[in-house]
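Here is work03.tsv, consisting of TSV, C-alpha atoms and all ligand atoms:
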```tsv
chain	number	residue	atom	x	y	z
E	84	MET	CA	-5.89	-57.26	11.53
E	85	THR	CA	-6.72	-60.63	10.01
E	86	GLU	CA	-6.31	-59.27	6.49
E	87	ILE	CA	-3.10	-59.59	4.58
E	88	GLU	CA	-2.59	-59.89	0.87
E	89	VAL	CA	-0.28	-62.66	-0.34
E	90	LEU	CA	1.03	-62.35	-3.91
E	91	PRO	CA	2.63	-65.53	-5.21
E	92	ASP	CA	5.41	-64.93	-7.74
E	93	ALA	CA	5.52	-61.18	-7.22
E	94	ALA	CA	7.75	-58.29	-8.23
E	95	VAL	CA	8.46	-55.00	-6.45
E	96	LEU	CA	9.73	-51.89	-8.20
E	97	ILE	CA	11.77	-49.50	-6.08
E	98	ASP	CA	12.87	-46.00	-7.05
E	99	GLY	CA	15.40	-44.53	-4.63
E	100	GLU	CA	14.06	-45.03	-1.11
E	101	ARG	CA	10.45	-45.71	-2.12
E	102	ILE	CA	8.36	-48.53	-3.51
E	103	THR	CA	6.71	-47.45	-6.75
E	104	TRP	CA	4.97	-50.62	-7.90
E	105	VAL	CA	4.14	-54.11	-6.67
E	106	GLY	CA	2.33	-56.81	-8.61
E	107	PRO	CA	2.56	-60.13	-10.42
E	108	ARG	CA	6.03	-60.82	-11.84
E	109	ARG	CA	4.61	-61.53	-15.29
E	110	GLU	CA	3.53	-57.87	-15.46
E	111	ALA	CA	6.95	-56.59	-14.39
E	112	GLY	CA	8.52	-57.04	-17.84
E	113	GLY	CA	6.77	-53.96	-19.21
E	114	LEU	CA	7.59	-51.72	-16.27
E	115	HIS	CA	10.52	-49.95	-17.85
E	116	SER	CA	8.26	-48.64	-20.61
E	117	ALA	CA	5.30	-47.92	-18.32
E	118	PHE	CA	7.52	-45.96	-15.92
E	119	ARG	CA	9.84	-44.66	-18.69
E	120	ILE	CA	12.88	-46.24	-17.07
E	121	PRO	CA	15.76	-47.02	-19.44
E	122	ARG	CA	16.57	-50.74	-19.28
E	123	SER	CA	20.15	-49.87	-18.30
E	124	ALA	CA	18.88	-48.01	-15.22
E	125	LEU	CA	17.02	-51.06	-13.92
E	126	ASP	CA	18.88	-53.10	-11.36
E	127	VAL	CA	17.16	-56.49	-11.15
E	128	VAL	CA	17.53	-58.62	-8.01
E	129	GLU	CA	15.99	-62.10	-8.17
E	130	VAL	CA	15.09	-63.62	-4.83
E	131	THR	CA	13.34	-66.75	-3.63
E	132	GLY	CA	11.45	-67.10	-0.38
E	133	VAL	CA	8.89	-64.77	1.16
E	134	LEU	CA	9.36	-61.00	0.97
E	135	LEU	CA	7.75	-59.09	3.84
E	136	PRO	CA	7.58	-55.43	4.87
E	137	GLY	CA	10.52	-54.56	7.16
E	138	PHE	CA	9.51	-55.18	10.76
E	139	VAL	CA	8.92	-52.24	13.09
E	140	ASP	CA	10.08	-52.86	16.67
E	141	CYS	CA	8.17	-50.06	18.39
E	142	HIS	CA	9.42	-50.61	21.97
E	143	THR	CA	13.05	-51.23	22.99
E	144	HIS	CA	15.50	-50.08	25.65
E	145	ALA	CA	18.49	-50.91	23.44
E	146	VAL	CA	21.07	-48.51	24.96
E	147	PHE	CA	22.52	-50.18	28.03
E	148	GLY	CA	25.82	-51.48	29.34
E	149	ALA	CA	26.05	-54.95	30.80
E	150	PRO	CA	23.37	-57.63	30.77
E	151	ARG	CA	21.85	-58.22	34.24
E	152	LEU	CA	22.87	-61.82	34.74
E	153	ASP	CA	22.62	-61.74	38.54
E	154	ASP	CA	18.98	-60.62	38.27
E	155	HIS	CA	18.35	-63.51	35.90
E	156	GLN	CA	19.70	-65.98	38.42
E	157	ARG	CA	17.99	-64.34	41.41
E	158	ARG	CA	14.66	-64.59	39.59
E	159	ALA	CA	15.25	-68.24	38.77
E	160	LEU	CA	15.78	-68.79	42.50
E	161	GLY	CA	12.40	-67.24	43.25
E	162	MET	CA	13.16	-63.60	44.11
E	163	ASP	CA	10.55	-61.12	42.89
E	164	TYR	CA	10.99	-57.72	41.25
E	165	ARG	CA	11.04	-55.78	44.52
E	166	ALA	CA	13.42	-58.18	46.32
E	167	ILE	CA	15.78	-58.05	43.34
E	168	ALA	CA	15.76	-54.23	43.42
E	169	ALA	CA	16.40	-54.30	47.19
E	170	ALA	CA	19.42	-56.56	46.57
E	171	GLY	CA	20.95	-53.93	44.25
E	172	GLY	CA	19.57	-55.23	40.98
E	173	GLY	CA	16.74	-54.00	38.78
E	174	ILE	CA	16.62	-50.85	36.69
E	175	LEU	CA	18.89	-48.91	39.08
E	176	GLU	CA	21.72	-51.41	38.49
E	177	SER	CA	21.61	-50.53	34.79
E	178	VAL	CA	21.45	-46.85	35.77
E	179	ARG	CA	24.70	-47.10	37.79
E	180	ASP	CA	26.33	-48.93	34.88
E	181	LEU	CA	25.20	-46.49	32.18
E	182	ARG	CA	26.13	-43.41	34.18
E	183	ALA	CA	29.70	-44.71	34.54
E	184	ARG	CA	30.19	-45.95	30.98
E	185	PRO	CA	31.76	-43.63	28.39
E	186	GLU	CA	29.54	-42.59	25.50
E	187	ALA	CA	31.90	-44.08	22.90
E	188	GLU	CA	31.68	-47.47	24.57
E	189	LEU	CA	27.88	-47.30	24.70
E	190	ILE	CA	27.83	-46.48	21.00
E	191	GLU	CA	29.83	-49.60	20.13
E	192	LEU	CA	27.85	-51.88	22.46
E	193	THR	CA	24.57	-50.60	21.09
E	194	ARG	CA	25.81	-50.81	17.48
E	195	GLY	CA	26.27	-54.59	17.78
E	196	ARG	CA	22.84	-54.99	19.33
E	197	ILE	CA	21.10	-52.84	16.71
E	198	ARG	CA	22.80	-54.84	13.94
E	199	THR	CA	21.54	-57.99	15.57
E	200	LEU	CA	17.96	-56.67	15.67
E	201	LEU	CA	18.32	-55.64	12.01
E	202	SER	CA	19.57	-59.08	11.03
E	203	HIS	CA	16.33	-60.45	12.54
E	204	GLY	CA	14.32	-58.17	10.25
E	205	SER	CA	13.73	-55.03	12.35
E	206	THR	CA	14.26	-52.14	9.93
E	207	THR	CA	12.66	-49.47	12.16
E	208	ILE	CA	13.44	-49.55	15.87
E	209	GLU	CA	12.22	-47.29	18.64
E	210	VAL	CA	14.85	-46.84	21.37
E	211	LYS	CA	14.09	-45.41	24.81
E	212	SER	CA	16.46	-43.71	27.21
E	213	GLY	CA	15.78	-44.27	30.91
E	214	TYR	CA	19.02	-45.70	32.31
E	215	GLY	CA	20.55	-42.29	33.02
E	216	LEU	CA	17.91	-40.39	35.01
E	217	THR	CA	19.91	-37.15	35.03
E	218	LEU	CA	19.72	-34.54	32.30
E	219	GLU	CA	23.30	-35.20	31.18
E	220	THR	CA	23.08	-39.00	31.18
E	221	GLU	CA	19.67	-39.10	29.48
E	222	LEU	CA	21.14	-36.83	26.79
E	223	LYS	CA	24.12	-39.18	26.58
E	224	GLN	CA	21.81	-42.12	25.81
E	225	LEU	CA	19.83	-40.13	23.26
E	226	ARG	CA	23.05	-39.01	21.53
E	227	VAL	CA	24.00	-42.70	21.22
E	228	VAL	CA	20.73	-43.26	19.34
E	229	ARG	CA	21.37	-40.21	17.13
E	230	GLU	CA	24.91	-41.38	16.29
E	231	LEU	CA	23.72	-44.88	15.36
E	232	ALA	CA	20.77	-43.54	13.37
E	233	ALA	CA	23.30	-41.60	11.29
E	234	SER	CA	25.80	-44.42	10.84
E	235	GLU	CA	23.74	-47.64	10.59
E	236	PRO	CA	21.36	-48.61	7.75
E	237	VAL	CA	18.32	-48.76	10.02
E	238	SER	CA	15.67	-46.21	11.09
E	239	LEU	CA	15.92	-45.43	14.79
E	240	THR	CA	13.40	-43.28	16.63
E	241	ALA	CA	14.30	-42.03	20.10
E	242	THR	CA	11.97	-41.73	23.09
E	243	LEU	CA	12.82	-39.95	26.35
E	244	LEU	CA	12.09	-42.25	29.30
E	245	GLY	CA	13.48	-40.07	32.08
E	246	ALA	CA	10.50	-41.31	34.12
E	247	HIS	CA	11.68	-44.94	34.10
E	248	GLU	CA	12.38	-44.92	37.84
E	249	VAL	CA	12.96	-42.33	40.57
E	250	PRO	CA	16.77	-42.00	40.79
E	251	PRO	CA	18.34	-42.80	44.19
E	252	GLU	CA	19.39	-39.19	44.86
E	253	PHE	CA	15.69	-38.17	44.64
E	254	ARG	CA	14.27	-41.14	46.56
E	255	HIS	CA	12.89	-38.92	49.31
E	256	ARG	CA	12.15	-35.97	47.00
E	257	ARG	CA	10.14	-37.54	44.18
E	258	ALA	CA	8.02	-34.45	43.55
E	259	GLU	CA	11.25	-32.57	42.84
E	260	TYR	CA	12.29	-35.20	40.30
E	261	VAL	CA	8.92	-34.91	38.52
E	262	ARG	CA	9.44	-31.13	38.44
E	263	LEU	CA	12.96	-31.58	37.05
E	264	LEU	CA	11.54	-33.79	34.30
E	265	CYS	CA	8.78	-31.35	33.40
E	266	ASP	CA	10.73	-28.11	33.69
E	267	GLU	CA	14.24	-29.08	32.53
E	268	MET	CA	14.71	-32.52	31.01
E	269	ILE	CA	11.73	-32.57	28.65
E	270	PRO	CA	12.25	-29.02	27.32
E	271	ALA	CA	16.02	-29.60	26.89
E	272	VAL	CA	15.52	-32.87	24.99
E	273	ALA	CA	12.76	-31.41	22.82
E	274	GLN	CA	14.85	-28.32	22.08
E	275	ALA	CA	17.85	-30.45	21.08
E	276	GLY	CA	15.60	-32.54	18.81
E	277	LEU	CA	16.98	-35.68	20.44
E	278	ALA	CA	13.64	-37.48	20.92
E	279	GLY	CA	10.30	-37.53	19.16
E	280	ALA	CA	8.32	-38.90	22.08
E	281	CYS	CA	8.24	-39.17	25.86
E	282	ASP	CA	7.34	-42.28	27.87
E	283	VAL	CA	6.59	-42.92	31.57
E	284	PHE	CA	6.75	-46.19	33.54
E	285	CYS	CA	3.29	-45.73	35.09
E	286	GLU	CA	2.97	-48.46	37.69
E	287	PRO	CA	2.15	-48.61	41.41
E	288	GLY	CA	5.46	-48.04	43.22
E	289	VAL	CA	7.09	-46.34	40.23
E	290	PHE	CA	5.18	-43.33	38.79
E	291	SER	CA	1.51	-42.81	39.62
E	292	VAL	CA	-1.18	-41.88	37.10
E	293	THR	CA	-1.18	-38.32	38.49
E	294	GLU	CA	2.60	-38.00	38.07
E	295	ALA	CA	2.46	-39.58	34.61
E	296	ARG	CA	-0.26	-37.14	33.52
E	297	ALA	CA	1.88	-34.17	34.65
E	298	ILE	CA	4.99	-35.48	32.86
E	299	LEU	CA	3.23	-36.38	29.63
E	300	THR	CA	1.25	-33.16	29.36
E	301	ALA	CA	4.55	-31.28	29.82
E	302	ALA	CA	5.91	-33.39	26.94
E	303	GLN	CA	2.90	-32.58	24.77
E	304	ARG	CA	3.39	-28.87	25.46
E	305	CYS	CA	6.93	-29.26	24.08
E	306	GLY	CA	5.60	-30.93	20.93
E	307	LEU	CA	6.59	-34.50	21.79
E	308	GLY	CA	4.41	-37.55	21.14
E	309	VAL	CA	3.55	-39.56	24.24
E	310	LYS	CA	3.67	-43.26	25.14
E	311	LEU	CA	3.16	-45.14	28.39
E	312	HIS	CA	4.41	-48.27	30.09
E	313	ALA	CA	0.89	-48.92	31.34
E	314	ASP	CA	-0.53	-51.55	33.68
E	315	GLU	CA	2.56	-53.75	33.17
E	316	LEU	CA	2.33	-55.79	36.34
E	317	GLN	CA	-0.69	-54.33	38.12
E	318	GLY	CA	-3.61	-52.35	36.71
E	319	SER	CA	-3.68	-48.74	37.91
E	320	GLY	CA	-5.45	-46.81	35.18
E	321	GLY	CA	-2.44	-46.41	32.88
E	322	ALA	CA	-4.38	-47.50	29.78
E	323	GLU	CA	-7.18	-45.03	30.58
E	324	LEU	CA	-4.60	-42.25	30.89
E	325	ALA	CA	-3.05	-43.21	27.54
E	326	ALA	CA	-6.48	-42.99	25.90
E	327	GLU	CA	-7.26	-39.68	27.65
E	328	LEU	CA	-4.02	-38.18	26.29
E	329	ARG	CA	-4.50	-39.78	22.84
E	330	ALA	CA	-1.07	-41.31	23.31
E	331	LEU	CA	0.67	-43.02	20.39
E	332	SER	CA	0.68	-46.24	22.39
E	333	ALA	CA	-0.02	-47.91	25.72
E	334	ASP	CA	2.49	-50.69	26.24
E	335	HIS	CA	2.59	-53.96	28.26
E	336	LEU	CA	-1.03	-54.00	29.61
E	337	THR	CA	-0.79	-57.34	31.47
E	338	GLY	CA	-2.88	-55.88	34.30
E	339	ILE	CA	-5.27	-53.78	32.16
E	340	SER	CA	-8.83	-53.47	33.49
E	341	ASP	CA	-12.06	-53.88	31.49
E	342	ALA	CA	-12.46	-50.11	31.60
E	343	GLY	CA	-8.93	-49.74	30.25
E	344	ILE	CA	-9.72	-52.12	27.37
E	345	ARG	CA	-12.84	-50.11	26.51
E	346	ALA	CA	-10.92	-46.82	26.70
E	347	LEU	CA	-8.15	-48.04	24.38
E	348	ALA	CA	-10.65	-49.51	21.91
E	349	ALA	CA	-12.40	-46.15	21.67
E	350	SER	CA	-9.13	-44.20	21.22
E	351	PRO	CA	-6.51	-43.89	18.47
E	352	THR	CA	-3.90	-45.28	20.88
E	353	VAL	CA	-2.20	-48.53	19.83
E	354	ALA	CA	-1.98	-51.34	22.42
E	355	VAL	CA	1.60	-52.64	22.30
E	356	LEU	CA	2.05	-56.14	23.72
E	357	LEU	CA	5.43	-57.57	24.73
E	358	PRO	CA	4.99	-61.30	25.26
E	359	VAL	CA	8.67	-62.13	25.80
E	360	THR	CA	8.81	-59.91	28.89
E	361	MET	CA	6.18	-61.84	30.82
E	362	ILE	CA	7.83	-65.13	29.85
E	363	PHE	CA	11.34	-63.94	30.76
E	364	LEU	CA	10.03	-62.68	34.10
E	365	GLY	CA	8.52	-66.13	34.67
E	366	SER	CA	5.20	-64.54	35.51
E	367	GLY	CA	2.91	-67.05	33.83
E	368	ARG	CA	0.59	-64.17	32.81
E	369	GLN	CA	0.05	-62.36	29.53
E	370	ALA	CA	-1.93	-59.32	28.42
E	371	PRO	CA	-5.54	-60.07	27.33
E	372	ALA	CA	-4.79	-59.82	23.61
E	373	ARG	CA	-8.02	-61.40	22.37
E	374	GLN	CA	-10.18	-59.20	24.58
E	375	LEU	CA	-8.36	-56.14	23.27
E	376	LEU	CA	-8.86	-57.28	19.67
E	377	GLU	CA	-12.49	-58.20	20.18
E	378	ALA	CA	-13.15	-54.80	21.76
E	379	GLY	CA	-11.67	-53.20	18.62
E	380	ALA	CA	-8.26	-52.01	19.84
E	381	ALA	CA	-5.34	-51.80	17.40
E	382	LEU	CA	-2.61	-54.17	18.53
E	383	ALA	CA	1.14	-54.03	17.90
E	384	LEU	CA	3.87	-56.36	19.15
E	385	ALA	CA	7.41	-55.44	20.15
E	386	SER	CA	10.51	-56.99	21.71
E	387	ASP	CA	10.93	-54.68	24.77
E	388	PHE	CA	14.64	-55.48	24.20
E	389	ASN	CA	16.34	-54.57	27.51
E	390	PRO	CA	18.84	-56.08	29.96
E	391	GLY	CA	16.38	-56.72	32.79
E	392	SER	CA	13.12	-58.12	31.54
E	393	SER	CA	13.55	-58.98	27.86
E	394	PRO	CA	16.91	-59.69	26.25
E	395	ALA	CA	14.98	-60.70	23.10
E	396	VAL	CA	16.67	-59.78	19.86
E	397	GLY	CA	14.12	-60.58	17.21
E	398	LEU	CA	10.53	-60.05	16.25
E	399	PRO	CA	10.15	-63.53	14.66
E	400	LEU	CA	10.35	-64.98	18.20
E	401	VAL	CA	7.89	-62.35	19.46
E	402	MET	CA	5.46	-63.30	16.67
E	403	ALA	CA	5.74	-67.01	17.41
E	404	LEU	CA	5.02	-66.34	21.10
E	405	ALA	CA	2.14	-64.05	20.19
E	406	VAL	CA	0.50	-66.94	18.34
E	407	SER	CA	1.13	-69.53	21.06
E	408	GLN	CA	0.80	-67.36	24.19
E	409	LEU	CA	-1.54	-64.51	23.21
E	410	GLY	CA	-3.79	-66.43	20.84
E	411	LEU	CA	-3.08	-64.27	17.80
E	412	ARG	CA	-3.59	-65.54	14.27
E	413	HIS	CA	-0.49	-65.53	12.07
E	414	ALA	CA	-1.92	-62.60	10.08
E	415	GLU	CA	-2.61	-60.62	13.26
E	416	ALA	CA	0.96	-61.22	14.44
E	417	LEU	CA	2.38	-60.06	11.10
E	418	ASN	CA	0.22	-56.93	11.00
E	419	ALA	CA	1.22	-56.24	14.62
E	420	VAL	CA	4.94	-55.98	13.73
E	421	THR	CA	4.46	-54.05	10.49
E	422	VAL	CA	1.43	-51.77	9.91
E	423	ASN	CA	0.51	-51.43	13.57
E	424	GLY	CA	4.10	-51.22	14.84
E	425	ALA	CA	4.46	-48.26	12.48
E	426	ALA	CA	1.20	-46.76	13.82
E	427	ALA	CA	2.56	-46.99	17.38
E	428	LEU	CA	5.35	-44.66	16.20
E	429	GLY	CA	3.09	-42.36	14.20
E	430	MET	CA	4.63	-43.69	10.96
E	431	ALA	CA	1.82	-45.78	9.48
E	432	ALA	CA	1.58	-43.70	6.32
E	433	ASP	CA	5.26	-44.15	5.58
E	434	ARG	CA	6.25	-47.76	6.36
E	435	GLY	CA	5.00	-51.20	7.30
E	436	GLN	CA	3.50	-52.14	3.92
E	437	ILE	CA	4.80	-53.24	0.53
E	438	ALA	CA	2.76	-50.73	-1.44
E	439	PRO	CA	3.44	-47.80	-3.78
E	440	GLY	CA	4.64	-44.71	-1.93
E	441	PHE	CA	5.88	-46.63	1.10
E	442	ARG	CA	9.51	-46.67	2.21
E	443	ALA	CA	11.36	-49.58	0.61
E	444	ASP	CA	12.17	-51.47	3.81
E	445	LEU	CA	11.94	-55.17	2.96
E	446	VAL	CA	12.78	-58.44	4.65
E	447	LEU	CA	13.38	-61.71	2.82
E	448	CYS	CA	12.70	-64.95	4.70
E	449	ASP	CA	13.95	-68.29	3.46
E	450	VAL	CA	10.64	-70.09	4.00
E	451	SER	CA	7.95	-71.53	1.71
E	452	ASP	CA	4.88	-70.28	3.58
E	453	TRP	CA	4.65	-66.74	5.03
E	454	ARG	CA	3.18	-68.15	8.26
E	455	GLU	CA	6.53	-69.79	9.04
E	456	VAL	CA	7.89	-66.40	10.10
E	457	ALA	CA	5.67	-66.75	13.20
E	458	TYR	CA	6.31	-70.47	13.59
E	459	TRP	CA	10.00	-71.36	14.04
E	460	VAL	CA	10.46	-70.65	17.74
E	461	GLY	CA	13.83	-69.00	18.35
E	462	GLY	CA	15.03	-69.40	14.77
E	463	ASN	CA	15.90	-66.57	12.43
E	464	PRO	CA	14.24	-67.00	9.03
E	465	VAL	CA	15.61	-63.67	7.73
E	466	THR	CA	18.19	-64.03	4.93
E	467	ALA	CA	18.26	-60.52	3.42
E	468	VAL	CA	17.14	-57.02	4.39
E	469	TRP	CA	16.76	-53.81	2.37
E	470	THR	CA	16.29	-50.43	4.05
E	471	GLY	CA	15.37	-47.36	2.05
E	472	GLY	CA	15.85	-49.44	-1.11
E	473	SER	CA	19.45	-50.47	-0.33
E	474	ALA	CA	20.64	-53.97	0.55
E	475	CYS	CA	22.02	-54.25	4.08
E	476	ARG	CA	25.09	-56.28	4.93
E	477	LEU	CA	23.84	-58.54	7.68
E	478	LEU	CA	25.93	-59.96	10.46
E	479	PRO	CA	27.45	-63.23	9.39
E	480	GLY	CA	26.86	-66.24	11.63
E	481	PRO	CA	26.05	-65.96	15.32
E	482	VAL	CA	24.64	-62.72	16.69
E	483	SER	CA	26.86	-60.06	18.24
E	484	LEU	CA	25.51	-58.61	21.44
E	485	GLY	CA	28.63	-56.70	22.44
E	486	ARG	CA	31.44	-57.84	24.72
E	487	HIS	CA	31.04	-55.60	27.73
E	488	VAL	CA	33.61	-54.89	30.39
E	489	PRO	CA	32.30	-54.30	33.92
E	490	THR	CA	32.13	-50.64	34.94
H	501	LIG	O1	9.70	-52.52	29.85
H	501	LIG	N1	9.04	-51.71	32.80
H	501	LIG	C1	9.99	-51.01	32.78
H	501	LIG	N2	10.99	-51.10	31.96
H	501	LIG	C2	11.43	-52.28	31.33
H	501	LIG	C3	12.33	-53.04	32.20
H	501	LIG	C4	13.63	-52.42	32.15
H	501	LIG	C5	14.63	-53.06	33.02
H	501	LIG	O2	14.32	-53.95	33.84
H	501	LIG	O3	15.78	-52.65	32.85
H	501	LIG	C6	10.30	-53.07	30.76
H	501	LIG	O4	10.03	-54.20	31.12
H	502	FE	FE	9.72	-51.38	28.30
```
Take the structure from the file and write it as structure tokens.
Ligand code: NIG
Ligand code: FE
Amino acid sequence: MTEIEVLPDAAVLIDGERITWVGPRREAGGLHSAFRIPRSALDVVEVTGVLLPGFVDCHTHAVFGAPRLDDHQRRALGMDYRAIAAAGGGILESVRDLRARPEAELIELTRGRIRTLLSHGSTTIEVKSGYGLTLETELKQLRVVRELAASEPVSLTATLLGAHEVPPEFRHRRAEYVRLLCDEMIPAVAQAGLAGACDVFCEPGVFSVTEARAILTAAQRCGLGVKLHADELQGSGGAELAAELRALSADHLTGISDAGIRALAASPTVAVLLPVTMIFLGSGRQAPARQLLEAGAALALASDFNPGSSPAVGLPLVMALAVSQLGLRHAEALNAVTVNGAAALGMAADRGQIAPGFRADLVLCDVSDWREVAYWVGGNPVTAVWTGGSACRLLPGPVSLGRHVPT
């Protein structure tokens, strides 16, 4: 993860949606003859700055209604996660909101947010459901993702997170909710082709390792990839379960045990770290990134963009925090949001690199040194984005996060 190749004064040749050549600009002049491209068919775009692979944000909860401002204030005043939930906040507040909000409104709110993530360089974004917790409202969230994937110039991959929390109507019947997930929700979502993966919030007090294993093996039987919110606040064997199931990723990992680190390092599962979340929650802790790297685990970074624990819109901030809070080198941070972010979505052969055959998702940063992308804390160095070879129109000026009306 410390290896990256920097080409000063480079050129990239794109044909349709794919990169076909990359190399020194002085060699680019002869490309039209080498590739038999008529000069008139070449569209030349001159840029200055640093051109990077499009960033892959492999963990977001981008479909939601209102931001949770009361939670933010309660936390500042010292209330913890459980006390906030008991006061009517937490995930279930977003669930009440999303259930009541019309699909068309969710589409427009999410559109603004996705455009904002794109304008910060995220060209591939994983989006989880998990604020509906009924078959119909989980499908509603996943349809929002499908609609935006079809209408916005960004790659969106959807993950079913029906096991984000036990819904209030099942509070005293949790085994029934797990059965509903396994027998109805997962098969229905897989059949409709509305998600490529299934995730579980595996945490003491939310879903146990035993419940998570049942849900994720049901998902595998339906042909879905699996991911886990594992050991986010407290270690409970979530990372070990992810390795056992050969999950695409195990995410969060603040409370991962030494055995969990060894299990992930020996597995193909990517460890996804979300440094903004721990900072936004004011926890003062972070996942043991260096131990994971030294053990040989593959590490990715993501925003965890969500209304409760991480309203973070851009991966440049995540990279800067990964260097200062997790002890990553700049190269490790960049690989974590490109090559390894793609691996956490099972897409490493297709995107995350500027190399022949890869999808032409590119990000231009107006900086002189590539390391600056992981340096300017809270700034947005991104000035242009191409997805599938086409230039994107980025949001002008300040970001748009959607004006929401209360439900
Ligand atoms: O990744 N851990 C569970 N889910 C989110 C929080 C979502 C929320 O608070 O709305 C997370 O941090
Ligand atoms: Fe999350």
> Between CA of Ser202 (chain E) and CA of Gly440 (chain E), what is the spacing in Å?
Replying inline: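 These atoms are spaced 24.4 Å apart.
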>> Give me, as a list in words, all polymer residues having an atom no more than 7 Å from region 297-313 of chain E, counting only C-alpha atoms and skipping those fewer than 2 positions away in the same chain.
In response: Val261, Leu264, Cys265, Ile269, Pro270, Ala273, Gly279, Ala280, Cys281, Asp282, Val283, Phe284, Cys285, Glu286, Thr293, Glu294, Ala295, Glu315, Gly321, Ala322, Ala325, Ala330, Leu331, Ser332, Ala333, Asp334, His335 and Leu336 of chain E
>> If I take CA of Gly424 (chain E) and CA of Gln317 (chain E), how far is one from the other in Å, to one decimal?
In response: 24.0 Å
How would you report the residues lying within 9 Å of ligand FE 502 (chain H), as a CSV table (one decimal) with C-alpha atoms, in the coordinates of the input, if you count all atoms listed in the file?
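Generated file (out31.csv):
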```csv
chain,number,residue,atom,x,y,z
E,142,HIS,CA,9.4,-50.6,22.0
E,143,THR,CA,13.0,-51.2,23.0
E,144,HIS,CA,15.5,-50.1,25.6
E,211,LYS,CA,14.1,-45.4,24.8
E,247,HIS,CA,11.7,-44.9,34.1
E,284,PHE,CA,6.8,-46.2,33.5
E,312,HIS,CA,4.4,-48.3,30.1
E,315,GLU,CA,2.6,-53.8,33.2
E,334,ASP,CA,2.5,-50.7,26.2
E,335,HIS,CA,2.6,-54.0,28.3
E,357,LEU,CA,5.4,-57.6,24.7
E,360,THR,CA,8.8,-59.9,28.9
E,386,SER,CA,10.5,-57.0,21.7
E,387,ASP,CA,10.9,-54.7,24.8
E,388,PHE,CA,14.6,-55.5,24.2
E,389,ASN,CA,16.3,-54.6,27.5
E,392,SER,CA,13.1,-58.1,31.5
E,393,SER,CA,13.6,-59.0,27.9
```
> Closest to Val450 (chain E) among E:Gly245, E:Pro251, E:Gly137, E:Gly132, using all atoms listed in the file?
Replying inline: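 For Val450 (chain E), the nearest of the given residues is E:Gly132.
Closest approach to Thr240 (chain E) from the set E:Asp140, E:Glu88, E:Glu209, E:Asp180 is made by E:Glu209, with distances taken over all atoms listed in the file.
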>> Ranking E:Leu411, E:Val355, E:Val237, E:Val139 by minimum distance to ligand LIG 501 (chain H) and counting all atoms listed in the file, which one comes first?
In response: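 That would be E:Val355, the residue with the smallest distance to ligand LIG 501 (chain H).
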Within 7 Å of (-9.6, -42.1, 25.5), in the coordinates the file gives, what residues turn up when you count all atoms listed in the file, written out as a tab-separated table (two decimals) with C-alpha atoms, in the coordinates of the input?
```tsv
chain	number	residue	atom	x	y	z
E	323	GLU	CA	-7.18	-45.03	30.58
E	325	ALA	CA	-3.05	-43.21	27.54
E	326	ALA	CA	-6.48	-42.99	25.90
E	327	GLU	CA	-7.26	-39.68	27.65
E	328	LEU	CA	-4.02	-38.18	26.29
E	329	ARG	CA	-4.50	-39.78	22.84
E	346	ALA	CA	-10.92	-46.82	26.70
E	347	LEU	CA	-8.15	-48.04	24.38
E	349	ALA	CA	-12.40	-46.15	21.67
E	350	SER	CA	-9.13	-44.20	21.22
```
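Residue nearest Gln369 (chain E), chosen from E:Asp314, E:Glu186, E:Asp98, E:Glu415 and counting all atoms listed in the file: E:Asp314.
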